[in-house]
$ cat protein-v7.cif   # mmCIF, C-alpha atoms
data_start
loop_
_atom_site.label_atom_id
_atom_site.label_comp_id
_atom_site.auth_asym_id
_atom_site.auth_seq_id
_atom_site.Cartn_x
_atom_site.Cartn_y
_atom_site.Cartn_z
CA MET A 27 0.00 0.00 0.00
CA LEU A 28 1.09 3.59 -0.61
CA SER A 29 2.18 5.60 2.39
CA ARG A 30 0.16 8.71 3.28
CA SER A 31 3.15 10.97 2.67
CA LEU A 32 3.65 9.52 -0.81
CA LEU A 33 -0.01 10.00 -1.63
CA LEU A 34 0.17 13.63 -0.51
CA ARG A 35 3.28 14.16 -2.64
CA CYS A 36 1.42 12.75 -5.65
CA ARG A 37 -1.54 14.99 -4.96
CA ARG A 38 0.63 18.10 -4.73
CA ALA A 39 2.43 17.23 -7.96
CA ALA A 40 -0.83 16.58 -9.79
CA VAL A 41 -2.50 19.77 -8.51
CA ALA A 42 0.59 21.83 -9.39
CA ALA A 43 0.63 20.36 -12.88
CA LEU A 44 -3.08 21.02 -13.25
CA GLY A 45 -2.64 24.64 -12.21
CA ALA A 46 0.09 25.11 -14.80
CA ALA A 47 -2.10 23.75 -17.55
CA ARG A 48 -5.48 25.18 -16.48
CA TRP A 49 -5.12 28.53 -18.26
CA GLN A 50 -4.38 26.83 -21.58
CA CYS A 51 -7.81 25.23 -21.93
CA ARG A 52 -10.79 27.22 -20.69
CA PRO A 53 -14.20 25.53 -20.68
CA LEU A 54 -16.92 26.63 -23.08
CA PRO A 55 -19.48 28.94 -21.45
CA ALA A 56 -22.78 27.22 -20.68
CA ARG A 57 -26.04 29.04 -21.30
CA PRO A 58 -29.26 28.01 -19.59
CA LEU A 59 -32.10 27.30 -21.93
CA SER A 60 -35.71 26.72 -21.19
CA ALA A 61 -38.46 25.76 -23.59
CA ALA A 62 -41.36 25.01 -21.41
CA ALA A 63 -44.46 24.72 -23.54
CA ARG A 64 -47.50 23.25 -21.85
CA LEU A 65 -50.36 22.27 -24.13
CA GLY A 66 -52.44 20.71 -21.38
CA ALA A 67 -53.88 23.97 -20.05
CA PRO A 68 -55.69 24.12 -16.69
CA ARG A 69 -59.44 24.45 -16.80
CA PRO A 70 -60.82 27.98 -16.44
CA PRO A 71 -62.50 28.84 -13.15
CA GLY A 72 -66.27 28.57 -13.00
CA THR A 73 -66.76 26.50 -16.14
CA GLY A 74 -67.39 23.18 -14.44
CA GLY A 75 -64.94 21.19 -16.52
CA GLY A 76 -64.57 22.99 -19.84
CA GLY A 77 -67.89 24.87 -19.62
CA ARG A 78 -70.12 21.81 -19.40
CA ARG A 79 -72.91 22.02 -16.84
CA LYS A 80 -74.55 19.34 -14.81
CA GLY A 81 -77.37 17.76 -16.74
CA ALA A 82 -75.52 17.28 -20.00
CA ALA A 83 -74.66 13.70 -19.25
CA GLY A 84 -74.27 11.01 -21.85
CA THR A 85 -71.97 12.91 -24.17
CA GLY A 86 -68.22 12.77 -24.71
CA GLY A 87 -65.74 15.30 -23.43
CA HIS A 88 -62.44 16.51 -24.95
CA GLY A 89 -61.21 13.06 -25.85
CA GLY A 90 -62.07 11.17 -22.65
CA GLU A 91 -59.80 9.29 -20.27
CA GLU A 92 -57.50 7.95 -22.99
CA GLU A 93 -56.63 11.44 -24.22
CA GLU A 94 -56.02 12.59 -20.62
CA GLU A 95 -53.64 9.67 -20.08
CA GLU A 96 -51.82 10.51 -23.31
CA GLU A 97 -51.47 14.14 -22.22
CA GLU A 98 -50.10 13.05 -18.82
CA GLU A 99 -47.54 10.81 -20.55
CA GLU A 100 -46.56 13.66 -22.87
CA GLU A 101 -46.09 16.01 -19.90
CA GLU A 102 -43.93 13.43 -18.08
CA GLU A 103 -41.77 12.97 -21.18
CA GLU A 104 -41.44 16.75 -21.56
CA GLU A 105 -40.38 17.11 -17.91
CA GLU A 106 -37.75 14.37 -18.31
CA GLU A 107 -36.40 15.97 -21.48
CA GLU A 108 -36.29 19.39 -19.83
CA ALA A 109 -34.42 17.96 -16.83
CA GLU A 110 -31.87 16.32 -19.14
CA LEU A 111 -31.47 19.56 -21.09
CA GLU A 112 -31.04 21.65 -17.94
CA GLU A 113 -28.37 19.22 -16.69
CA LEU A 114 -26.59 19.28 -20.04
CA LEU A 115 -26.65 23.05 -20.36
CA GLY A 116 -25.79 23.63 -16.71
CA PRO A 117 -22.29 24.38 -15.40
CA SER A 118 -19.48 22.72 -17.31
CA PRO A 119 -17.89 19.68 -15.67
CA LEU A 120 -14.58 21.51 -16.11
CA ALA A 121 -15.80 24.70 -14.40
CA LEU A 122 -14.47 25.18 -10.89
CA GLU A 123 -16.59 26.28 -7.97
CA PRO A 124 -14.94 28.34 -5.21
CA GLY A 125 -12.62 26.08 -3.23
CA ALA A 126 -12.93 23.19 -5.71
CA GLN A 127 -10.00 21.19 -7.09
CA ARG A 128 -9.58 18.99 -10.16
CA VAL A 129 -7.06 16.19 -9.71
CA PHE A 130 -4.92 14.09 -12.06
CA ILE A 131 -3.77 11.07 -10.00
CA VAL A 132 -0.36 9.59 -10.74
CA HIS A 133 0.51 6.27 -9.07
CA PRO A 134 4.17 5.17 -9.00
CA ALA A 135 3.98 1.38 -9.31
CA VAL A 136 6.94 -0.58 -7.89
CA LYS A 137 7.47 -3.37 -10.39
CA TRP A 138 10.35 -5.21 -8.65
CA GLY A 139 12.58 -5.16 -5.59
CA PRO A 140 11.91 -5.37 -1.85
CA ARG A 141 9.44 -2.44 -1.93
CA LYS A 142 7.05 -4.30 -4.23
CA SER A 143 3.98 -5.41 -2.28
CA PRO A 144 2.96 -9.02 -2.90
CA LEU A 145 -0.52 -8.48 -1.44
CA THR A 146 -1.94 -5.91 -3.85
CA THR A 147 -1.71 -4.52 -7.37
CA ALA A 148 -1.12 -1.08 -8.83
CA GLU A 149 -4.71 -1.06 -10.12
CA LEU A 150 -6.13 -1.63 -6.64
CA GLN A 151 -3.82 0.99 -5.16
CA ILE A 152 -4.82 3.68 -7.65
CA ALA A 153 -8.49 2.78 -7.12
CA GLU A 154 -7.93 3.36 -3.41
CA ALA A 155 -6.32 6.72 -4.15
CA VAL A 156 -9.33 7.73 -6.29
CA ALA A 157 -11.68 6.71 -3.47
CA LEU A 158 -9.68 8.82 -1.00
CA VAL A 159 -9.86 11.89 -3.24
CA ASP A 160 -13.60 11.38 -3.72
CA THR A 161 -14.07 11.73 0.03
CA LEU A 162 -12.73 15.31 -0.12
CA GLN A 163 -15.42 17.93 -0.59
CA ASN A 164 -15.36 19.70 -4.00
CA TRP A 165 -12.45 17.54 -5.25
CA THR A 166 -12.91 15.81 -8.62
CA VAL A 167 -10.71 13.18 -10.26
CA LEU A 168 -10.36 14.02 -13.95
CA ASP A 169 -7.97 11.24 -14.91
CA LYS A 170 -5.42 8.79 -13.51
CA ILE A 171 -2.24 7.06 -14.67
CA ILE A 172 0.07 4.29 -13.41
CA ILE A 173 3.82 4.83 -13.97
CA PRO A 174 6.41 2.09 -13.17
CA THR A 175 9.33 3.02 -10.89
CA LYS A 176 12.13 1.20 -9.05
CA ASN A 177 12.01 3.18 -5.81
CA PRO A 178 9.14 5.55 -4.89
CA ASP A 179 11.29 7.25 -2.21
CA LYS A 180 13.69 8.72 -4.75
CA LYS A 181 13.76 12.47 -5.33
CA PHE A 182 12.76 11.91 -8.97
CA VAL A 183 10.02 9.30 -9.22
CA PHE A 184 9.38 9.46 -12.96
CA GLY A 185 11.64 8.52 -15.79
CA LYS A 186 12.43 10.52 -18.88
CA GLY A 187 9.33 11.62 -20.83
CA ASN A 188 6.80 10.78 -18.13
CA PHE A 189 6.73 14.28 -16.64
CA GLN A 190 5.47 15.63 -19.96
CA VAL A 191 2.63 13.09 -19.80
CA LEU A 192 1.74 14.35 -16.32
CA THR A 193 1.89 18.09 -16.89
CA GLY A 194 0.84 18.83 -20.41
CA GLU A 195 -0.18 17.08 -23.58
CA THR A 196 -2.28 14.16 -22.38
CA PHE A 197 -4.15 16.23 -19.79
CA LEU A 198 -4.93 19.01 -22.27
CA GLU A 199 -6.06 16.46 -24.81
CA THR A 200 -8.42 15.05 -22.19
CA GLN A 201 -9.84 18.50 -21.49
CA ASN A 202 -10.29 19.24 -25.18
CA ARG A 203 -12.00 15.90 -25.75
CA ILE A 204 -14.42 16.52 -22.86
CA LEU A 205 -15.25 19.99 -24.14
CA LYS A 206 -15.73 18.85 -27.72
CA GLU A 207 -17.99 16.00 -26.62
CA ARG A 208 -20.00 18.45 -24.52
CA GLU A 209 -20.28 20.89 -27.42
CA LEU A 210 -21.54 18.11 -29.69
CA LYS A 211 -24.14 17.06 -27.11
CA ILE A 212 -25.32 20.66 -26.75
CA ARG A 213 -25.64 21.08 -30.52
CA ASN A 214 -27.61 17.83 -30.76
CA ALA A 215 -29.84 18.93 -27.88
CA LEU A 216 -30.51 22.27 -29.55
CA GLU A 217 -31.41 20.56 -32.81
CA LYS A 218 -33.74 18.25 -30.89
CA LEU A 219 -35.25 21.33 -29.24
CA ARG A 220 -35.89 22.94 -32.64
CA ARG A 221 -37.69 19.80 -33.82
CA LYS A 222 -39.69 19.75 -30.60
CA ARG A 223 -40.70 23.38 -31.08
CA SER A 224 -41.88 22.56 -34.58
CA LEU A 225 -43.92 19.64 -33.23
CA LEU A 226 -45.44 21.82 -30.50
CA ARG A 227 -46.42 24.42 -33.10
CA THR A 228 -48.10 21.70 -35.14
CA GLN A 229 -49.96 20.44 -32.07
CA ARG A 230 -51.09 23.94 -31.13
CA ARG A 231 -52.42 24.52 -34.65
CA LYS A 232 -54.15 21.13 -34.59
CA ARG A 233 -55.82 21.92 -31.28
CA GLU A 234 -56.48 25.48 -32.49
CA PHE A 235 -54.88 27.18 -29.50
CA PRO A 236 -54.36 30.87 -30.41
CA VAL A 237 -50.78 31.99 -29.69
CA ILE A 238 -49.99 35.45 -28.28
CA SER A 239 -46.35 36.61 -28.28
CA VAL A 240 -45.48 39.09 -25.53
CA MET A 241 -42.50 41.25 -26.54
CA GLY A 242 -40.58 44.23 -25.24
CA TYR A 243 -37.31 45.44 -23.79
CA THR A 244 -35.64 43.52 -21.02
CA ASN A 245 -37.04 44.35 -17.57
CA CYS A 246 -40.16 46.00 -19.00
CA GLY A 247 -42.49 43.62 -17.13
CA LYS A 248 -43.36 40.94 -19.72
CA THR A 249 -43.16 38.01 -17.30
CA THR A 250 -45.10 39.93 -14.63
CA LEU A 251 -47.83 40.64 -17.17
CA ILE A 252 -48.07 37.00 -18.27
CA LYS A 253 -48.28 35.90 -14.63
CA ALA A 254 -51.13 38.38 -14.08
CA LEU A 255 -52.97 37.19 -17.22
CA THR A 256 -52.58 33.46 -16.55
CA GLY A 257 -52.45 33.26 -12.77
CA GLU A 258 -49.52 30.84 -13.10
CA ALA A 259 -47.96 30.66 -9.65
CA GLY A 260 -44.75 29.09 -10.95
CA LEU A 261 -43.75 32.25 -12.82
CA GLN A 262 -41.31 34.28 -10.73
CA PRO A 263 -40.48 37.65 -12.34
CA ARG A 264 -37.05 39.05 -11.42
CA ASP A 265 -35.85 42.63 -11.45
CA GLN A 266 -32.79 42.02 -13.60
CA LEU A 267 -31.63 42.05 -17.20
CA PHE A 268 -32.27 38.90 -19.25
CA ALA A 269 -34.22 37.12 -16.51
CA THR A 270 -35.77 35.21 -19.44
CA LEU A 271 -33.07 33.56 -21.59
CA ASP A 272 -35.35 31.61 -23.90
CA ILE A 273 -38.98 31.66 -24.94
CA THR A 274 -41.45 30.00 -22.60
CA ALA A 275 -45.14 29.23 -23.23
CA HIS A 276 -47.93 29.61 -20.67
CA ALA A 277 -51.61 28.65 -20.89
CA GLY A 278 -54.28 31.21 -20.03
CA TYR A 279 -57.92 32.06 -20.65
CA LEU A 280 -59.68 35.06 -22.14
CA PRO A 281 -62.97 36.49 -20.75
CA SER A 282 -64.96 34.13 -23.00
CA HIS A 283 -63.00 31.18 -21.47
CA MET A 284 -61.17 30.63 -24.75
CA ALA A 285 -57.85 28.87 -24.07
CA VAL A 286 -54.79 30.70 -25.42
CA ILE A 287 -51.00 30.34 -25.20
CA TYR A 288 -48.92 33.32 -24.05
CA VAL A 289 -45.30 33.20 -25.27
CA ASP A 290 -42.73 35.03 -23.13
CA THR A 291 -39.85 36.16 -25.38
CA ILE A 292 -36.30 37.30 -24.61
CA GLY A 293 -36.05 40.99 -23.76
CA PHE A 294 -34.57 43.45 -26.27
CA LEU A 295 -31.32 45.32 -25.59
CA THR A 296 -30.09 48.62 -27.02
CA ASP A 297 -26.85 48.39 -29.07
CA LEU A 298 -26.77 44.60 -29.07
CA PRO A 299 -23.23 43.37 -29.99
CA HIS A 300 -23.03 42.42 -33.66
CA ASN A 301 -22.00 38.82 -32.99
CA LEU A 302 -25.16 38.31 -30.91
CA VAL A 303 -27.68 39.74 -33.39
CA GLU A 304 -28.15 36.48 -35.29
CA SER A 305 -28.56 34.44 -32.10
CA PHE A 306 -31.06 36.93 -30.69
CA SER A 307 -33.11 36.98 -33.89
CA ALA A 308 -33.18 33.17 -33.92
CA THR A 309 -34.91 33.17 -30.53
CA LEU A 310 -37.76 35.22 -32.04
CA GLU A 311 -38.68 32.60 -34.64
CA GLU A 312 -41.81 31.68 -32.64
CA VAL A 313 -43.22 35.17 -33.20
CA ALA A 314 -43.83 34.40 -36.88
CA TYR A 315 -46.26 31.63 -35.85
CA SER A 316 -48.26 33.85 -33.49
CA ASP A 317 -51.83 35.03 -33.94
CA LEU A 318 -51.19 38.27 -32.07
CA ILE A 319 -48.29 40.34 -30.69
CA VAL A 320 -48.52 42.26 -27.42
CA HIS A 321 -45.78 44.92 -27.22
CA VAL A 322 -45.02 45.84 -23.59
CA ARG A 323 -43.29 49.16 -22.88
CA ASP A 324 -41.83 50.39 -19.61
CA ILE A 325 -43.38 53.82 -19.81
CA THR A 326 -41.13 55.09 -16.98
CA HIS A 327 -37.94 54.46 -18.97
CA PRO A 328 -36.33 57.68 -20.27
CA GLU A 329 -35.77 56.12 -23.72
CA THR A 330 -39.16 54.41 -24.08
CA ILE A 331 -39.84 56.04 -27.48
CA LEU A 332 -36.47 54.92 -28.86
CA GLN A 333 -37.10 51.43 -27.50
CA LYS A 334 -40.45 51.28 -29.30
CA ALA A 335 -38.78 52.21 -32.58
CA THR A 336 -36.14 49.49 -32.08
CA VAL A 337 -38.72 46.78 -31.38
CA LEU A 338 -40.81 47.72 -34.44
CA SER A 339 -37.68 47.78 -36.62
CA VAL A 340 -36.68 44.27 -35.51
CA LEU A 341 -40.21 42.97 -36.10
CA LYS A 342 -40.22 44.37 -39.64
CA ASN A 343 -36.87 42.70 -40.34
CA LEU A 344 -38.35 39.32 -39.33
CA ASN A 345 -40.54 39.42 -42.45
CA LEU A 346 -43.70 38.93 -40.43
CA PRO A 347 -47.05 38.95 -42.25
CA SER A 348 -48.66 42.38 -42.50
CA ARG A 349 -51.79 41.26 -40.60
CA LEU A 350 -49.56 40.49 -37.59
CA LEU A 351 -47.76 43.84 -37.71
CA ASP A 352 -51.00 45.80 -38.18
CA SER A 353 -52.75 44.18 -35.20
CA ILE A 354 -50.07 44.74 -32.52
CA VAL A 355 -51.49 45.56 -29.10
CA GLU A 356 -49.30 48.22 -27.47
CA VAL A 357 -49.24 48.23 -23.68
CA HIS A 358 -47.83 50.99 -21.46
CA ASN A 359 -46.73 49.22 -18.28
CA LYS A 360 -45.74 50.53 -14.82
CA VAL A 361 -48.23 53.42 -14.90
CA ASP A 362 -48.51 53.07 -11.11
CA LEU A 363 -45.14 54.84 -10.93
CA ILE A 364 -46.45 57.94 -12.77
CA GLU A 365 -49.20 59.99 -11.16
CA ARG A 366 -52.38 60.32 -13.29
CA TYR A 367 -50.75 58.87 -16.40
CA LYS A 368 -52.74 58.99 -19.64
CA PRO A 369 -51.36 57.68 -22.97
CA THR A 370 -50.87 60.35 -25.62
CA GLU A 371 -50.45 57.80 -28.42
CA GLU A 372 -53.42 56.23 -30.17
CA ASN A 373 -54.41 52.58 -29.82
CA THR A 374 -52.50 52.01 -26.57
CA LEU A 375 -53.55 50.63 -23.20
CA ALA A 376 -52.20 51.83 -19.86
CA ILE A 377 -51.70 49.08 -17.27
CA SER A 378 -49.87 48.11 -14.13
CA ALA A 379 -49.09 44.40 -14.44
CA LEU A 380 -47.86 44.36 -10.84
CA HIS A 381 -51.05 45.83 -9.33
CA GLY A 382 -53.59 44.59 -11.92
CA HIS A 383 -54.65 48.01 -13.17
CA GLY A 384 -56.13 47.92 -16.70
CA LEU A 385 -55.88 44.13 -17.14
CA GLU A 386 -59.60 43.57 -17.84
CA GLU A 387 -59.53 46.11 -20.67
CA LEU A 388 -56.40 44.43 -22.02
CA LYS A 389 -58.02 40.98 -21.96
CA GLN A 390 -61.06 42.32 -23.82
CA GLU A 391 -58.82 43.89 -26.48
CA ILE A 392 -56.78 40.69 -26.86
CA GLU A 393 -59.95 38.61 -27.23
CA LYS A 394 -61.40 40.93 -29.86
CA LYS A 395 -58.23 40.79 -31.95
CA ILE A 396 -57.77 37.04 -31.49
CA LEU A 397 -61.31 36.39 -32.75
CA THR A 398 -60.54 38.54 -35.79
CA ALA A 399 -57.12 36.99 -36.43
CA THR A 400 -58.33 33.40 -36.15
CA GLY A 401 -61.70 33.88 -37.82
CA LYS A 402 -63.47 32.37 -34.80
CA LYS A 403 -66.99 33.31 -33.72
CA ILE A 404 -68.92 33.09 -30.45
CA LEU A 405 -72.26 31.42 -31.17
CA THR A 406 -75.16 29.77 -29.34
CA ILE A 407 -76.39 26.55 -30.97
CA ASN A 408 -79.50 24.56 -30.12
CA VAL A 409 -78.76 20.83 -30.14
CA ASN A 410 -80.74 17.63 -29.62
CA LEU A 411 -79.22 15.72 -26.70
CA GLU A 412 -80.16 12.41 -28.29
CA GLY A 413 -78.07 13.19 -31.36
CA PRO A 414 -74.29 13.50 -31.93
CA GLN A 415 -74.20 17.31 -32.18
CA LEU A 416 -72.90 18.00 -28.66
CA SER A 417 -70.12 15.41 -28.94
CA TRP A 418 -69.13 16.89 -32.30
CA LEU A 419 -68.98 20.42 -30.85
CA TYR A 420 -66.81 19.26 -27.94
CA LYS A 421 -64.41 17.72 -30.45
CA GLU A 422 -64.30 20.47 -33.09
CA ALA A 423 -64.98 23.68 -31.12
CA THR A 424 -64.52 25.26 -27.69
CA VAL A 425 -67.66 24.63 -25.65
CA GLN A 426 -68.17 27.42 -23.10
CA GLU A 427 -71.55 26.69 -21.62
CA VAL A 428 -74.26 24.02 -21.88
CA GLU A 429 -77.77 24.95 -20.72
CA VAL A 430 -79.90 21.81 -20.63
CA MET A 431 -83.66 22.03 -21.20
CA PRO A 432 -84.93 18.63 -19.99
CA GLU A 433 -88.56 19.29 -20.95
CA ASP A 434 -87.82 18.89 -24.66
CA GLY A 435 -84.47 17.02 -24.54
CA THR A 436 -82.42 19.86 -26.04
CA ALA A 437 -79.61 22.17 -24.90
CA ARG A 438 -78.35 25.63 -25.72
CA VAL A 439 -74.61 25.35 -26.29
CA LYS A 440 -72.40 28.45 -26.30
CA VAL A 441 -69.27 27.78 -28.36
CA ILE A 442 -66.25 29.45 -29.89
CA ILE A 443 -65.91 27.99 -33.35
CA SER A 444 -63.79 28.62 -36.43
CA SER A 445 -65.36 29.42 -39.82
CA SER A 446 -64.21 26.10 -41.28
CA ALA A 447 -65.65 24.10 -38.38
CA LEU A 448 -68.91 26.05 -38.56
CA GLY A 449 -69.22 25.21 -42.26
CA LYS A 450 -68.73 21.51 -41.50
CA TYR A 451 -71.33 21.67 -38.72
CA LYS A 452 -73.93 23.25 -40.99
CA ASN A 453 -73.36 20.55 -43.63
CA LEU A 454 -73.66 17.74 -41.05
CA PHE A 455 -76.58 19.20 -39.09
CA PRO A 456 -78.52 21.52 -41.43
CA ASN A 457 -81.58 21.70 -39.15
CA SER A 458 -79.74 23.07 -36.09
CA LYS A 459 -80.64 26.59 -34.95
CA ILE A 460 -77.64 28.93 -34.63
CA PHE A 461 -77.64 32.35 -32.92
CA MET A 462 -74.95 35.03 -32.55
CA SER A 463 -73.94 35.48 -28.89
#

$ encode --input "protein-v7.cif" --output "C-alpha cells"
Amino acid sequence: MLSRSLLLRCRRAAVAALGAARWQCRPLPARPLSAAARLGAPRPPGTGGGGRRKGAAGTGGHGGEEEEEEEEEEEEEEEEEEAELEELLGPSPLALEPGAQRVFIVHPAVKWGPRKSPLTTAELQIAEAVALVDTLQNWTVLDKIIIPTKNPDKKFVFGKGNFQVLTGETFLETQNRILKERELKIRNALEKLRRKRSLLRTQRRKREFPVISVMGYTNCGKTTLIKALTGEAGLQPRDQLFATLDITAHAGYLPSHMAVIYVDTIGFLTDLPHNLVESFSATLEEVAYSDLIVHVRDITHPETILQKATVLSVLKNLNLPSRLLDSIVEVHNKVDLIERYKPTEENTLAISALHGHGLEELKQEIEKKILTATGKKILTINVNLEGPQLSWLYKEATVQEVEVMPEDGTARVKVIISSSALGKYKNLFPNSKIFMS
C-alpha cells in the first residue's frame, strides 16, 4: 500500500501540474435554456370542466380518459427531457466552484525489488487513491495514470518523458476531448429542441390554440404581465436584465374562457453586440407563428420612445405577415409609478401588471383581436341531446356553456368555433338553430 506521505506528494504534484495547464484550456461557457411549452392547459375557473354544466350527461368530453392519459404521458416525457437539457446546459464539468479542485492522479507502481507489495496490485492501489480523493469535498478526479518506478522514495520518481505526460499534452487532450464532446451534445440537444418546437407548433395549430407573443425590452415587465394574465404561480419575475433567456409558453384564458398560449420572449437590448444579433433573432422565430403580438413598454424608462422604434424595426426585419404587424397591441406598463398617467399615443392601453390596473380592458382587447385573427366566432347553438351534435362540438370547437332544457331534450350550447368548423357543422346538421352570442 502507498504511504500517506507519498499519496500527498502525488496529490501536490498533480494539482501543481493542473494549475500550470489550467489557463491553456478554458471551458466553453454554458447558457441556460428553457423551452417550457405546456399544451395541457388548466381548466378555467367557473366553467365546471370545460364549460359543461350538470345535466348534459351522456356525451363525450375533450377526448375522454385515454386522451387525458396521453397528455399526462406527454407532460412526463417533456419534464424528463427538460431535466436532461437543464443538466446538459448547466455548469461545465470543467468549471471550478470556489474552493474546488480537479485532480490528475499519478501512481508510482513498484514493479520489482523489496518495496514491491505481494498483497496488492497497482490497479487496486490507484483505485484506493481515487476513493480517498472522492471523500474530499469539492475535489474531482479528472484522470489517472500508473507509472512504473524502481524506488518511490527517490527524489525523482518518474523517468524521462513521463513528466510531460503528467503536466501537459495528455491532460490538455483530455480537457479538449471533454469539451468537444459536450459541445456536440449541446448542438444535438438544440437541434432536438428545434424539432420539438416545430412539433409543438403543429400540435397547437391542430388543437387550435391561439398563440400570443409578448414582446418588449428587457425588464419591462413581460413576465409579470403573463403571470397576471394566466395566474400561473410558478412564474417568478425578477428585477434584472435577461431574466428570461429563452422563450417560454404559458396557458391562459380570455374572458370568453377561450384557451390561449402566451409566449414570453427574450427581452430586447439597445446596441446589441453584432456577434449576438443572429442568435437573438433566432430566438424570435416563434413570433412568426403567433396570432397576435402584445408589445409591452416600460413607460417610466427615459428612452421608451427609442425602444419602441427598435422593437418595431426588428419585427419588420423578421418578415412577419402584415396582418400580424398591423394588429399589434401596445401596452404601457408601470403606470402606477407615474401619477395620473394617460397615454398620448393612439391605440395604446395603460396598465400596471404588478397591481392589476387595466388588465380587464387588455383581456377584452386581446380577445377581440384574437377572434378577428383566427376567424373564430362566439355562437349559441341549439342541439338535440339524443343526437351526436354535442359530442361533435366538444371535439371540433370550444364549448363554453351548456344549458340543458330537460322538458324537450335539447340544450343551448355556447361555443367558440372557427369558420371552417362552422361550415362543416352546418353541412352535417342543417336543421340546427344557430344564434350570434

$ residues_around --input "protein-v7.cif" --residues "region 435-441 of chain A" --least-positions-apart "6" --cutoff "9 Å" --atoms "only C-alpha atoms" --output "list of chain:residue names"
A:Gly77, A:Arg78, A:Ala82, A:Lys403, A:Ile404, A:Leu405, A:Thr406, A:Ile407, A:Asn408, A:Val409, A:Asn410, A:Leu411, A:Glu412, A:Leu416, A:Leu419, A:Tyr420, A:Ala423, A:Thr424, A:Val425, A:Gln426, A:Glu427, A:Val428, A:Glu429, A:Ser463

$ write_last_selection --input "protein-v7.cif" --atoms "C-alpha atoms" --output "mmCIF file, in the frame of the given file"
data_model
loop_
_atom_site.group_PDB
_atom_site.id
_atom_site.type_symbol
_atom_site.label_atom_id
_atom_site.label_comp_id
_atom_site.auth_asym_id
_atom_site.auth_seq_id
_atom_site.Cartn_x
_atom_site.Cartn_y
_atom_site.Cartn_z
ATOM 1 C CA GLY A 77 -67.890 24.870 -19.620
ATOM 2 C CA ARG A 78 -70.120 21.810 -19.400
ATOM 3 C CA ALA A 82 -75.520 17.280 -20.000
ATOM 4 C CA LYS A 403 -66.990 33.310 -33.720
ATOM 5 C CA ILE A 404 -68.920 33.090 -30.450
ATOM 6 C CA LEU A 405 -72.260 31.420 -31.170
ATOM 7 C CA THR A 406 -75.160 29.770 -29.340
ATOM 8 C CA ILE A 407 -76.390 26.550 -30.970
ATOM 9 C CA ASN A 408 -79.500 24.560 -30.120
ATOM 10 C CA VAL A 409 -78.760 20.830 -30.140
ATOM 11 C CA ASN A 410 -80.740 17.630 -29.620
ATOM 12 C CA LEU A 411 -79.220 15.720 -26.700
ATOM 13 C CA GLU A 412 -80.160 12.410 -28.290
ATOM 14 C CA LEU A 416 -72.900 18.000 -28.660
ATOM 15 C CA LEU A 419 -68.980 20.420 -30.850
ATOM 16 C CA TYR A 420 -66.810 19.260 -27.940
ATOM 17 C CA ALA A 423 -64.980 23.680 -31.120
ATOM 18 C CA THR A 424 -64.520 25.260 -27.690
ATOM 19 C CA VAL A 425 -67.660 24.630 -25.650
ATOM 20 C CA GLN A 426 -68.170 27.420 -23.100
ATOM 21 C CA GLU A 427 -71.550 26.690 -21.620
ATOM 22 C CA VAL A 428 -74.260 24.020 -21.880
ATOM 23 C CA GLU A 429 -77.770 24.950 -20.720
ATOM 24 C CA SER A 463 -73.940 35.480 -28.890
#

$ residues_around --input "protein-v7.cif" --residues "region 386-400 of chain A" --least-positions-apart "6" --cutoff "7 Å" --atoms "all atoms listed in the file" --output "list of chain:residue names"
A:Leu280, A:Pro281, A:Asp317, A:Leu318, A:Leu375

$ residues_around --input "protein-v7.cif" --residues "Ala285 (chain A)" --least-positions-apart "2" --cutoff "8 Å" --atoms "all atoms listed in the file" --output "JSON list (two decimals) with C-alpha atoms, keeping the file's coordinate frame"
[["chain", "number", "residue", "atom", "x", "y", "z"],
["A", 67, "ALA", "CA", -53.88, 23.97, -20.05],
["A", 235, "PHE", "CA", -54.88, 27.18, -29.50],
["A", 236, "PRO", "CA", -54.36, 30.87, -30.41],
["A", 277, "ALA", "CA", -51.61, 28.65, -20.89],
["A", 278, "GLY", "CA", -54.28, 31.21, -20.03],
["A", 279, "TYR", "CA", -57.92, 32.06, -20.65],
["A", 280, "LEU", "CA", -59.68, 35.06, -22.14],
["A", 283, "HIS", "CA", -63.00, 31.18, -21.47],
["A", 287, "ILE", "CA", -51.00, 30.34, -25.20]]

$ atom_distance --input "protein-v7.cif" --atom1 "CA of Leu158 (chain A)" --atom2 "CA of Val129 (chain A)"
11.7 Å

$ atom_distance --input "protein-v7.cif" --atom1 "CA of His133 (chain A)" --atom2 "CA of Ala148 (chain A)"
7.5 Å

$ atom_distance --input "protein-v7.cif" --atom1 "CA of Leu310 (chain A)" --atom2 "CA of Thr291 (chain A)"
7.0 Å

$ resolve_selection --input "protein-v7.cif" --expression "the PyMOL selection byres ((chain A and resi 345-358) around 10)" --output "PyMOL selection string"
chain A and resi 239-242+246+311+313-326+330+334+338+340-344+359-361+367-369+371-379+384+388+391-392+395-396+398-399

$ resolve_selection --input "protein-v7.cif" --expression "the PyMOL selection byres ((chain A and resi 446) around 12)" --output "PyMOL selection string"
chain A and resi 234+400-403+422-423+443-445+447-453

$ write_last_selection --input "protein-v7.cif" --atoms "C-alpha atoms" --output "CSV table (one decimal), keeping the file's coordinate frame"
chain,number,residue,atom,x,y,z
A,234,GLU,CA,-56.5,25.5,-32.5
A,400,THR,CA,-58.3,33.4,-36.2
A,401,GLY,CA,-61.7,33.9,-37.8
A,402,LYS,CA,-63.5,32.4,-34.8
A,403,LYS,CA,-67.0,33.3,-33.7
A,422,GLU,CA,-64.3,20.5,-33.1
A,423,ALA,CA,-65.0,23.7,-31.1
A,443,ILE,CA,-65.9,28.0,-33.4
A,444,SER,CA,-63.8,28.6,-36.4
A,445,SER,CA,-65.4,29.4,-39.8
A,447,ALA,CA,-65.6,24.1,-38.4
A,448,LEU,CA,-68.9,26.0,-38.6
A,449,GLY,CA,-69.2,25.2,-42.3
A,450,LYS,CA,-68.7,21.5,-41.5
A,451,TYR,CA,-71.3,21.7,-38.7
A,452,LYS,CA,-73.9,23.2,-41.0
A,453,ASN,CA,-73.4,20.6,-43.6
